[in-house]
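**Student:** Here you go, query_34.cif (mmCIF, C-alpha atoms):
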data_model
loop_
_atom_site.group_PDB
_atom_site.id
_atom_site.type_symbol
_atom_site.label_atom_id
_atom_site.label_comp_id
_atom_site.auth_asym_id
_atom_site.auth_seq_id
_atom_site.Cartn_x
_atom_site.Cartn_y
_atom_site.Cartn_z
ATOM 1 C CA MET A 129 -7.897 -42.422 -17.387
ATOM 2 C CA PRO A 130 -11.100 -40.794 -18.717
ATOM 3 C CA ASP A 131 -10.820 -37.122 -19.664
ATOM 4 C CA PRO A 132 -12.936 -35.102 -17.173
ATOM 5 C CA LEU A 133 -13.999 -32.577 -19.856
ATOM 6 C CA VAL A 134 -15.160 -35.381 -22.152
ATOM 7 C CA GLU A 135 -17.092 -36.940 -19.265
ATOM 8 C CA ALA A 136 -18.713 -33.611 -18.371
ATOM 9 C CA LEU A 137 -19.772 -32.898 -21.966
ATOM 10 C CA LEU A 138 -21.117 -36.436 -22.452
ATOM 11 C CA ARG A 139 -23.090 -36.196 -19.220
ATOM 12 C CA TYR A 140 -24.572 -32.847 -20.275
ATOM 13 C CA THR A 141 -25.594 -33.946 -23.783
ATOM 14 C CA GLU A 142 -27.085 -37.223 -22.515
ATOM 15 C CA SER A 143 -29.099 -35.572 -19.736
ATOM 16 C CA HIS A 144 -30.590 -32.696 -21.743
ATOM 17 C CA PRO A 145 -33.386 -33.031 -24.288
ATOM 18 C CA GLY A 146 -33.015 -31.959 -27.874
ATOM 19 C CA GLU A 147 -30.172 -32.254 -30.322
ATOM 20 C CA SER A 148 -26.899 -30.526 -31.017
ATOM 21 C CA PRO A 149 -26.127 -27.693 -30.739
ATOM 22 C CA PHE A 150 -27.160 -27.534 -27.087
ATOM 23 C CA MET A 151 -27.583 -23.892 -26.078
ATOM 24 C CA THR A 152 -26.709 -23.608 -22.391
ATOM 25 C CA ALA A 153 -27.751 -21.419 -19.466
ATOM 26 C CA ILE A 154 -24.613 -19.358 -20.125
ATOM 27 C CA GLU A 155 -25.463 -16.829 -22.824
ATOM 28 C CA GLY A 156 -23.283 -17.289 -25.889
ATOM 29 C CA MET A 157 -22.058 -20.756 -24.874
ATOM 30 C CA ALA A 158 -23.062 -23.959 -26.661
ATOM 31 C CA ILE A 159 -22.104 -27.621 -26.582
ATOM 32 C CA MET A 160 -21.972 -29.527 -29.847
ATOM 33 C CA ARG A 161 -22.042 -33.292 -30.161
ATOM 34 C CA SER A 162 -21.692 -35.248 -33.401
ATOM 35 C CA ASP A 163 -21.940 -39.037 -33.429
ATOM 36 C CA HIS A 164 -20.886 -39.187 -37.085
ATOM 37 C CA PRO A 165 -18.739 -37.117 -39.458
ATOM 38 C CA LYS A 166 -20.760 -34.312 -41.032
ATOM 39 C CA PRO A 167 -20.709 -32.527 -44.387
ATOM 40 C CA PRO A 168 -19.384 -28.954 -44.522
ATOM 41 C CA SER A 169 -21.656 -26.243 -43.147
ATOM 42 C CA HIS A 170 -21.472 -22.528 -43.908
ATOM 43 C CA MET A 171 -21.858 -19.923 -41.200
ATOM 44 C CA LEU A 172 -21.037 -16.405 -40.109
ATOM 45 C CA SER A 173 -18.686 -16.816 -37.160
ATOM 46 C CA ARG A 174 -18.437 -14.228 -34.412
ATOM 47 C CA PRO A 175 -15.436 -13.833 -32.054
ATOM 48 C CA ALA A 176 -15.378 -17.140 -30.207
ATOM 49 C CA MET A 177 -13.323 -20.016 -28.863
ATOM 50 C CA CYS A 178 -14.262 -23.530 -30.001
ATOM 51 C CA ILE A 179 -12.629 -26.245 -27.881
ATOM 52 C CA VAL A 180 -12.526 -29.844 -29.122
ATOM 53 C CA ALA A 181 -12.609 -32.296 -26.214
ATOM 54 C CA GLN A 182 -12.970 -35.377 -28.430
ATOM 55 C CA GLY A 183 -12.904 -35.989 -32.185
ATOM 56 C CA ALA A 184 -11.706 -33.557 -34.833
ATOM 57 C CA LYS A 185 -12.971 -30.699 -37.012
ATOM 58 C CA TRP A 186 -11.702 -28.323 -39.610
ATOM 59 C CA GLY A 187 -12.650 -24.751 -40.347
ATOM 60 C CA MET A 188 -12.180 -22.944 -43.659
ATOM 61 C CA PHE A 189 -11.690 -19.175 -43.666
ATOM 62 C CA GLY A 190 -11.250 -17.931 -47.196
ATOM 63 C CA GLY A 191 -8.453 -20.082 -48.568
ATOM 64 C CA ASN A 192 -7.099 -20.958 -45.115
ATOM 65 C CA ARG A 193 -8.059 -24.378 -43.752
ATOM 66 C CA LEU A 194 -7.387 -24.995 -40.067
ATOM 67 C CA GLU A 195 -7.672 -28.462 -38.522
ATOM 68 C CA TYR A 196 -8.171 -28.843 -34.789
ATOM 69 C CA ARG A 197 -8.710 -31.943 -32.694
ATOM 70 C CA ALA A 198 -8.893 -33.118 -29.085
ATOM 71 C CA GLY A 199 -6.671 -30.902 -26.957
ATOM 72 C CA GLN A 200 -6.872 -27.972 -29.366
ATOM 73 C CA ALA A 201 -9.128 -24.950 -29.829
ATOM 74 C CA LEU A 202 -10.027 -22.668 -32.699
ATOM 75 C CA VAL A 203 -9.851 -19.008 -31.693
ATOM 76 C CA ILE A 204 -11.837 -16.574 -33.856
ATOM 77 C CA GLY A 205 -11.157 -12.907 -33.231
ATOM 78 C CA VAL A 206 -13.199 -11.305 -36.019
ATOM 79 C CA GLU A 207 -16.693 -11.747 -37.411
ATOM 80 C CA THR A 208 -16.182 -13.600 -40.662
ATOM 81 C CA PRO A 209 -17.866 -16.088 -43.017
ATOM 82 C CA SER A 210 -16.527 -19.604 -42.583
ATOM 83 C CA ILE A 211 -17.095 -23.272 -43.337
ATOM 84 C CA GLY A 212 -16.904 -25.940 -40.643
ATOM 85 C CA ARG A 213 -16.852 -29.708 -40.799
ATOM 86 C CA VAL A 214 -16.730 -32.585 -38.296
ATOM 87 C CA VAL A 215 -14.216 -35.116 -39.633
ATOM 88 C CA GLU A 216 -13.740 -37.548 -36.741
ATOM 89 C CA ALA A 217 -16.774 -38.831 -34.831
ATOM 90 C CA SER A 218 -18.500 -42.122 -34.026
ATOM 91 C CA PRO A 219 -21.308 -43.283 -31.708
ATOM 92 C CA GLY A 220 -18.666 -44.753 -29.380
ATOM 93 C CA GLU A 221 -16.491 -41.620 -29.469
ATOM 94 C CA PRO A 222 -18.614 -38.646 -30.540
ATOM 95 C CA CYS A 223 -17.021 -35.353 -31.487
ATOM 96 C CA LEU A 224 -17.539 -33.021 -28.513
ATOM 97 C CA VAL A 225 -17.024 -29.276 -28.794
ATOM 98 C CA LEU A 226 -17.440 -26.512 -26.240
ATOM 99 C CA ALA A 227 -17.934 -23.143 -27.971
ATOM 100 C CA PHE A 228 -18.348 -19.750 -26.367
ATOM 101 C CA GLU A 229 -18.233 -16.140 -27.465
ATOM 102 C CA LEU A 230 -15.152 -14.064 -26.746
ATOM 103 C CA ASP A 231 -15.821 -10.572 -25.431
ATOM 104 C CA LEU A 232 -12.953 -8.506 -26.833
ATOM 105 C CA ALA A 233 -13.668 -5.789 -24.243
ATOM 106 C CA ILE A 234 -12.804 -8.296 -21.499
ATOM 107 C CA VAL A 235 -9.692 -9.360 -23.419
ATOM 108 C CA ARG A 236 -8.652 -5.701 -23.652
ATOM 109 C CA SER A 237 -9.286 -5.131 -19.942
ATOM 110 C CA VAL A 238 -7.131 -8.135 -18.988
ATOM 111 C CA ALA A 239 -4.385 -7.078 -21.413
ATOM 112 C CA GLU A 240 -4.293 -3.587 -19.909
ATOM 113 C CA GLY A 241 -3.837 -5.089 -16.436
ATOM 114 C CA LEU A 242 -0.792 -7.177 -17.345
ATOM 115 C CA ASP A 243 2.595 -5.994 -16.056
ATOM 116 C CA ALA A 244 4.152 -7.038 -19.364
ATOM 117 C CA PRO A 245 1.510 -7.167 -22.126
ATOM 118 C CA PRO A 246 2.475 -9.362 -25.106
ATOM 119 C CA ARG A 247 4.191 -7.455 -27.862
ATOM 120 C CA ALA A 248 2.618 -7.623 -31.301
ATOM 121 C CA SER A 249 5.024 -8.048 -34.201
ATOM 122 C CA GLY A 250 5.033 -5.687 -37.157
ATOM 123 C CA GLU A 251 3.428 -8.327 -39.361
ATOM 124 C CA PRO A 252 -0.311 -8.132 -40.186
ATOM 125 C CA GLY A 253 -2.252 -9.861 -37.435
ATOM 126 C CA ARG A 254 -4.153 -13.121 -37.823
ATOM 127 C CA GLY A 255 -7.815 -13.040 -36.910
ATOM 128 C CA VAL A 256 -8.183 -16.832 -36.638
ATOM 129 C CA PHE A 257 -5.771 -19.443 -35.310
ATOM 130 C CA VAL A 258 -5.552 -22.839 -33.574
ATOM 131 C CA THR A 259 -4.000 -23.193 -30.115
ATOM 132 C CA ASP A 260 -3.481 -25.984 -27.593
ATOM 133 C CA PHE A 261 -5.687 -25.829 -24.504
ATOM 134 C CA GLN A 262 -4.053 -28.250 -22.097
ATOM 135 C CA GLY A 263 -3.251 -27.206 -18.552
ATOM 136 C CA PRO A 264 -4.884 -24.015 -17.217
ATOM 137 C CA LEU A 265 -7.116 -23.507 -20.271
ATOM 138 C CA ALA A 266 -8.437 -27.074 -19.954
ATOM 139 C CA ASP A 267 -9.178 -26.430 -16.272
ATOM 140 C CA CYS A 268 -11.137 -23.289 -17.238
ATOM 141 C CA ALA A 269 -13.150 -25.184 -19.856
ATOM 142 C CA LEU A 270 -14.071 -27.868 -17.319
ATOM 143 C CA ARG A 271 -15.145 -25.246 -14.779
ATOM 144 C CA LEU A 272 -17.384 -23.601 -17.381
ATOM 145 C CA VAL A 273 -19.214 -26.877 -18.005
ATOM 146 C CA ARG A 274 -19.503 -27.630 -14.290
ATOM 147 C CA LEU A 275 -20.973 -24.170 -13.715
ATOM 148 C CA LEU A 276 -24.026 -25.343 -15.651
ATOM 149 C CA ASP A 277 -24.897 -27.557 -12.647
ATOM 150 C CA THR A 278 -25.283 -24.442 -10.460
ATOM 151 C CA PRO A 279 -27.079 -21.799 -12.547
ATOM 152 C CA GLN A 280 -27.303 -19.437 -9.585
ATOM 153 C CA ALA A 281 -23.496 -19.185 -9.558
ATOM 154 C CA ILE A 282 -23.177 -18.264 -13.252
ATOM 155 C CA PRO A 283 -23.568 -14.451 -12.953
ATOM 156 C CA THR A 284 -20.812 -14.291 -10.316
ATOM 157 C CA LEU A 285 -18.335 -16.917 -11.472
ATOM 158 C CA TYR A 286 -18.628 -16.925 -15.271
ATOM 159 C CA PRO A 287 -16.987 -13.478 -15.693
ATOM 160 C CA VAL A 288 -14.131 -14.615 -13.431
ATOM 161 C CA VAL A 289 -13.474 -17.751 -15.484
ATOM 162 C CA MET A 290 -13.663 -15.742 -18.724
ATOM 163 C CA ARG A 291 -11.059 -13.299 -17.444
ATOM 164 C CA GLU A 292 -8.813 -16.229 -16.578
ATOM 165 C CA ILE A 293 -9.250 -17.660 -20.085
ATOM 166 C CA CYS A 294 -8.285 -14.278 -21.535
ATOM 167 C CA TYR A 295 -5.217 -14.197 -19.289
ATOM 168 C CA TRP A 296 -3.975 -17.585 -20.488
ATOM 169 C CA LEU A 297 -4.628 -16.656 -24.118
ATOM 170 C CA LEU A 298 -2.707 -13.393 -23.749
ATOM 171 C CA THR A 299 0.243 -15.041 -21.988
ATOM 172 C CA GLY A 300 0.304 -18.056 -24.304
ATOM 173 C CA PRO A 301 2.122 -18.653 -27.591
ATOM 174 C CA HIS A 302 -0.454 -16.616 -29.555
ATOM 175 C CA GLY A 303 -0.591 -13.721 -27.096
ATOM 176 C CA GLY A 304 0.648 -11.235 -29.686
ATOM 177 C CA ASP A 305 -2.184 -12.105 -32.080
ATOM 178 C CA VAL A 306 -4.749 -11.818 -29.268
ATOM 179 C CA ALA A 307 -3.349 -8.516 -28.014
ATOM 180 C CA ARG A 308 -3.237 -7.002 -31.490
ATOM 181 C CA MET A 309 -6.994 -7.469 -31.862
ATOM 182 C CA THR A 310 -7.628 -5.425 -28.695
ATOM 183 C CA LEU A 311 -5.453 -2.364 -29.328
ATOM 184 C CA ALA A 312 -7.926 0.518 -29.404
ATOM 185 C CA ASN A 313 -6.331 2.315 -32.345
ATOM 186 C CA GLY A 314 -4.147 -0.495 -33.679
ATOM 187 C CA PRO A 315 -4.265 -1.628 -37.307
ATOM 188 C CA SER A 316 -6.458 -4.662 -36.550
ATOM 189 C CA GLN A 317 -9.088 -2.579 -34.734
ATOM 190 C CA ARG A 318 -9.139 -0.033 -37.550
ATOM 191 C CA VAL A 319 -9.647 -2.805 -40.109
ATOM 192 C CA ILE A 320 -12.393 -4.310 -37.929
ATOM 193 C CA LYS A 321 -14.106 -0.898 -37.901
ATOM 194 C CA ALA A 322 -14.075 -0.922 -41.722
ATOM 195 C CA MET A 323 -15.327 -4.525 -41.688
ATOM 196 C CA HIS A 324 -18.301 -3.382 -39.602
ATOM 197 C CA THR A 325 -19.142 -0.853 -42.318
ATOM 198 C CA LEU A 326 -18.866 -3.576 -44.943
ATOM 199 C CA ARG A 327 -21.167 -5.861 -42.944
ATOM 200 C CA THR A 328 -23.847 -3.208 -42.438
ATOM 201 C CA ARG A 329 -23.697 -2.093 -46.087
ATOM 202 C CA PHE A 330 -22.935 -5.421 -47.754
ATOM 203 C CA THR A 331 -25.740 -4.967 -50.295
ATOM 204 C CA GLU A 332 -24.090 -1.799 -51.637
ATOM 205 C CA ALA A 333 -21.189 -1.377 -54.027
ATOM 206 C CA ILE A 334 -18.475 -0.029 -51.729
ATOM 207 C CA ARG A 335 -15.108 1.051 -53.081
ATOM 208 C CA ILE A 336 -11.927 -0.246 -51.429
ATOM 209 C CA GLU A 337 -10.756 3.365 -51.099
ATOM 210 C CA GLU A 338 -13.722 4.179 -48.842
ATOM 211 C CA LEU A 339 -13.026 1.214 -46.581
ATOM 212 C CA ALA A 340 -9.311 2.061 -46.483
ATOM 213 C CA ALA A 341 -10.135 5.636 -45.462
ATOM 214 C CA ILE A 342 -12.262 4.329 -42.559
ATOM 215 C CA ALA A 343 -9.295 2.196 -41.471
ATOM 216 C CA GLN A 344 -6.946 5.188 -41.921
ATOM 217 C CA MET A 345 -4.732 3.199 -44.289
ATOM 218 C CA SER A 346 -3.657 3.236 -47.880
ATOM 219 C CA PRO A 347 -5.751 0.902 -50.091
ATOM 220 C CA SER A 348 -2.815 -1.519 -50.475
ATOM 221 C CA ALA A 349 -2.092 -1.637 -46.721
ATOM 222 C CA PHE A 350 -5.801 -2.083 -45.942
ATOM 223 C CA HIS A 351 -6.100 -4.916 -48.461
ATOM 224 C CA ARG A 352 -3.066 -6.653 -46.920
ATOM 225 C CA GLN A 353 -4.290 -6.259 -43.320
ATOM 226 C CA PHE A 354 -7.837 -7.325 -44.220
ATOM 227 C CA LYS A 355 -6.633 -10.508 -45.895
ATOM 228 C CA ALA A 356 -4.324 -11.326 -42.976
ATOM 229 C CA LEU A 357 -7.251 -11.062 -40.540
ATOM 230 C CA THR A 358 -9.864 -12.946 -42.567
ATOM 231 C CA SER A 359 -7.880 -14.967 -45.162
ATOM 232 C CA MET A 360 -10.011 -13.365 -47.879
ATOM 233 C CA THR A 361 -10.184 -10.097 -49.782
ATOM 234 C CA PRO A 362 -12.833 -7.457 -48.987
ATOM 235 C CA LEU A 363 -14.669 -8.401 -52.203
ATOM 236 C CA GLN A 364 -14.692 -12.106 -51.274
ATOM 237 C CA TYR A 365 -15.865 -11.207 -47.770
ATOM 238 C CA GLN A 366 -18.750 -9.130 -49.128
ATOM 239 C CA LYS A 367 -19.712 -11.826 -51.632
ATOM 240 C CA GLN A 368 -19.912 -14.484 -48.919
ATOM 241 C CA LEU A 369 -22.006 -12.194 -46.710
ATOM 242 C CA ARG A 370 -24.429 -11.663 -49.595
ATOM 243 C CA LEU A 371 -24.736 -15.362 -50.385
ATOM 244 C CA LEU A 372 -25.195 -16.350 -46.728
ATOM 245 C CA GLU A 373 -27.955 -13.768 -46.348
ATOM 246 C CA ALA A 374 -29.625 -14.868 -49.596
ATOM 247 C CA ARG A 375 -29.618 -18.459 -48.352
ATOM 248 C CA ARG A 376 -31.170 -17.376 -45.053
ATOM 249 C CA LEU A 377 -33.881 -15.409 -46.863
ATOM 250 C CA MET A 378 -34.801 -18.325 -49.142
ATOM 251 C CA ILE A 379 -35.007 -20.723 -46.206
ATOM 252 C CA SER A 380 -36.624 -18.631 -43.463
ATOM 253 C CA THR A 381 -38.868 -16.336 -45.520
ATOM 254 C CA ALA A 382 -39.381 -18.516 -48.619
ATOM 255 C CA PHE A 383 -38.077 -15.804 -50.969
ATOM 256 C CA ASN A 384 -37.659 -17.077 -54.505
ATOM 257 C CA VAL A 385 -34.227 -17.033 -56.137
ATOM 258 C CA GLU A 386 -34.714 -13.791 -58.046
ATOM 259 C CA THR A 387 -36.108 -11.875 -55.067
ATOM 260 C CA ALA A 388 -33.265 -13.039 -52.805
ATOM 261 C CA CYS A 389 -30.762 -12.158 -55.506
ATOM 262 C CA PHE A 390 -31.884 -8.525 -55.738
ATOM 263 C CA GLN A 391 -32.456 -8.224 -51.988
ATOM 264 C CA VAL A 392 -28.768 -8.867 -51.202
ATOM 265 C CA GLY A 393 -27.393 -6.537 -53.871
ATOM 266 C CA TYR A 394 -26.915 -8.646 -57.002
ATOM 267 C CA GLU A 395 -28.005 -7.144 -60.308
ATOM 268 C CA SER A 396 -27.757 -10.351 -62.363
ATOM 269 C CA PRO A 397 -29.689 -13.503 -61.354
ATOM 270 C CA SER A 398 -27.436 -15.610 -63.579
ATOM 271 C CA GLN A 399 -24.300 -14.317 -61.852
ATOM 272 C CA PHE A 400 -25.963 -14.851 -58.482
ATOM 273 C CA SER A 401 -26.820 -18.459 -59.352
ATOM 274 C CA ARG A 402 -23.288 -19.180 -60.579
ATOM 275 C CA GLU A 403 -21.643 -17.773 -57.473
ATOM 276 C CA TYR A 404 -24.196 -19.416 -55.175
ATOM 277 C CA ALA A 405 -23.567 -22.841 -56.731
ATOM 278 C CA ARG A 406 -19.811 -22.281 -56.485
ATOM 279 C CA MET A 407 -20.088 -21.547 -52.746
ATOM 280 C CA PHE A 408 -22.728 -24.070 -51.659
ATOM 281 C CA GLY A 409 -22.184 -26.794 -54.243
ATOM 282 C CA ILE A 410 -25.675 -26.816 -55.795
ATOM 283 C CA PRO A 411 -27.965 -24.237 -57.490
ATOM 284 C CA PRO A 412 -29.910 -21.927 -55.150
ATOM 285 C CA LYS A 413 -33.401 -23.238 -55.934
ATOM 286 C CA ARG A 414 -32.464 -26.854 -55.206
ATOM 287 C CA ASP A 415 -30.420 -25.892 -52.142
ATOM 288 C CA ALA A 416 -33.298 -23.850 -50.681
ATOM 289 C CA ARG A 417 -35.726 -26.727 -51.230
ATOM 290 C CA GLN A 418 -33.407 -29.202 -49.479
ATOM 291 C CA MET A 419 -32.647 -26.818 -46.618
ATOM 292 C CA ARG A 420 -36.342 -26.071 -46.021
ATOM 293 C CA ALA A 421 -36.960 -29.817 -45.788
ATOM 294 C CA ALA A 422 -34.161 -30.073 -43.215
ATOM 295 C CA PHE A 423 -35.592 -27.057 -41.411
ATOM 296 C CA ARG A 424 -38.889 -28.914 -40.898
ATOM 297 C CA HIS A 425 -37.126 -31.810 -39.173
ATOM 298 C CA ASP A 426 -34.289 -30.060 -37.342
ATOM 299 C CA SER A 427 -33.785 -26.966 -35.265
ATOM 300 C CA PRO A 428 -33.077 -23.752 -37.196
ATOM 301 C CA ALA A 429 -29.437 -23.910 -36.093
ATOM 302 C CA GLN A 430 -29.088 -27.473 -37.404
ATOM 303 C CA ALA A 431 -30.765 -26.694 -40.692
ATOM 304 C CA LEU A 432 -28.598 -23.641 -41.337
ATOM 305 C CA GLY A 433 -25.477 -25.396 -40.130
ATOM 306 C CA THR A 434 -24.635 -22.740 -37.573
ATOM 307 C CA ILE A 435 -24.965 -21.557 -34.020
ATOM 308 C CA ALA A 436 -24.932 -17.988 -32.795
ATOM 309 C CA LEU A 437 -21.152 -17.742 -32.551
#
Would you write the structure of this file as structure tokens?
**Tutor:**
Amino acid sequence: MPDPLVEALLRYTESHPGESPFMTAIEGMAIMRSDHPKPPSHMLSRPAMCIVAQGAKWGMFGGNRLEYRAGQALVIGVETPSIGRVVEASPGEPCLVLAFELDLAIVRSVAEGLDAPPRASGEPGRGVFVTDFQGPLADCALRLVRLLDTPQAIPTLYPVVMREICYWLLTGPHGGDVARMTLANGPSQRVIKAMHTLRTRFTEAIRIEELAAIAQMSPSAFHRQFKALTSMTPLQYQKQLRLLEARRLMISTAFNVETACFQVGYESPSQFSREYARMFGIPPKRDARQMRAAFRHDSPAQALGTIAL
């Protein structure tokens, strides 16, 4: 029996002009279709849920690689650099993904309304995980796609469906991880506050002690919590932010390698080039040239290998 979510996503992608990712009438929600496996793409992921209806993908967060396929979803609770790749797709059975932003304020509101909120363990919380989405979550995903047929209903019904999704996440097997990210003064929220400082000042040399003080933790506890959330150290996180921004500058503003290097906080062009090649696989000048060529033929999101999630 055909999967109704697969049918709905196929119908949407075949009836709308353009190419993947398809940005929908629901702000922050996109549909991605891949008819072939794709090479890895680097991106800065925001809190989101990425549901695979057909095919398979993997996501790399620091040294943590998570595979997810039909019937599973990747849940991202923190803004973090990542790498994504489509590994199973064909013209007959394209990889179909429904991705939408998660509003942690809504998650917190739903958690506060539960009679028995999920208890978070004493272990450092994970900021990214894979979960099954059969049953009620699958029904919610299908209703989101069907809402696109009645745009006038989106403002009223979309928030209701999102609250239901948050409910099933909080009462599911990963409810503790989800709840931990919403605690107003919990360790995860304090680390996320320090991460925000690191993101806004990523071009500066920031000491771990300063970030730990923002999170109200000892440097060792902060380092441990940060790595649990993002699967990378604060230094690795900052380095990836710098390199992603340098790549964006070279592609969208045609900055040369040296200018981009200094703009994102590097002092040594040779070190910048080494670390850039280590992350993206080729030297920055050649990568920028190839990406600008792709940019001329594809949408900006395709060329940069990302969507606004």
**Student:** Name the residues captured by the PyMOL selection byres ((chain A and resi 159) around 6) when it is applied to the shown file; answer as number ranges by chain.
**Tutor:** A: 149-150, 158, 160, 225-226
**Student:** Would you list the contacts of Leu326 in chain A as an MDAnalysis selection string, taking every protein, DNA or RNA residue within 12 Å and counting all atoms listed in the file, but skipping same-chain residues closer than 5 positions in sequence?
**Tutor:** chainID A and resid 207:208 319:321 331:336 338:340 342:343 354 361:370
**Student:** Sorted by chain and rising residue number, which residues of range 200-233 of chain A lie within 8 Å of range 166-178 of chain A, and what are their closest atom pairs and distances in Å to one decimal, counting all atoms listed in the file, as a tab-separated table?
**Tutor:**
residue	atom	partner	partner_atom	distance
A:Ala201	CA	A:Cys178	CA	5.3
A:Leu202	CA	A:Cys178	CA	5.1
A:Val203	CA	A:Met177	CA	4.6
A:Ile204	CA	A:Pro175	CA	4.9
A:Gly205	CA	A:Pro175	CA	4.5
A:Val206	CA	A:Pro175	CA	5.2
A:Glu207	CA	A:Arg174	CA	4.3
A:Thr208	CA	A:Ser173	CA	5.4
A:Pro209	CA	A:Leu172	CA	4.3
A:Ser210	CA	A:Met171	CA	5.5
A:Ile211	CA	A:His170	CA	4.5
A:Gly212	CA	A:Ser169	CA	5.4
A:Arg213	CA	A:Pro168	CA	4.6
A:Val214	CA	A:Lys166	CA	5.2
A:Val215	CA	A:Lys166	CA	6.7
A:Val225	CA	A:Cys178	CA	6.5
A:Leu226	CA	A:Cys178	CA	5.8
A:Ala227	CA	A:Cys178	CA	4.2
A:Phe228	CA	A:Ala176	CA	5.5
A:Glu229	CA	A:Ala176	CA	4.1
A:Leu230	CA	A:Ala176	CA	4.6
A:Asp231	CA	A:Pro175	CA	7.4
A:Leu232	CA	A:Pro175	CA	7.9
**Student:** In Å, with one decimal, what is the gap from CA of Gln418 in chain A to CA of Arg327 in chain A?
**Tutor:**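 Computed distance, CA of Gln418 in chain A to CA of Arg327 in chain A, equals 27.2 Å.
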**Student:** Using only C-alpha atoms, which residues sit within 12 Å of Phe390 in chain A once same-chain residues fewer than 6 positions away are excluded, as number ranges by chain?
**Tutor:** A: 331-332, 370-371, 373-374, 377, 383-384, 396-401
**Student:** Which one of A:Thr381, A:Gln353, A:Gln344, A:Ser148 sits closest to Ser316 in chain A if you count all atoms listed in the file?
**Tutor:** A:Gln353
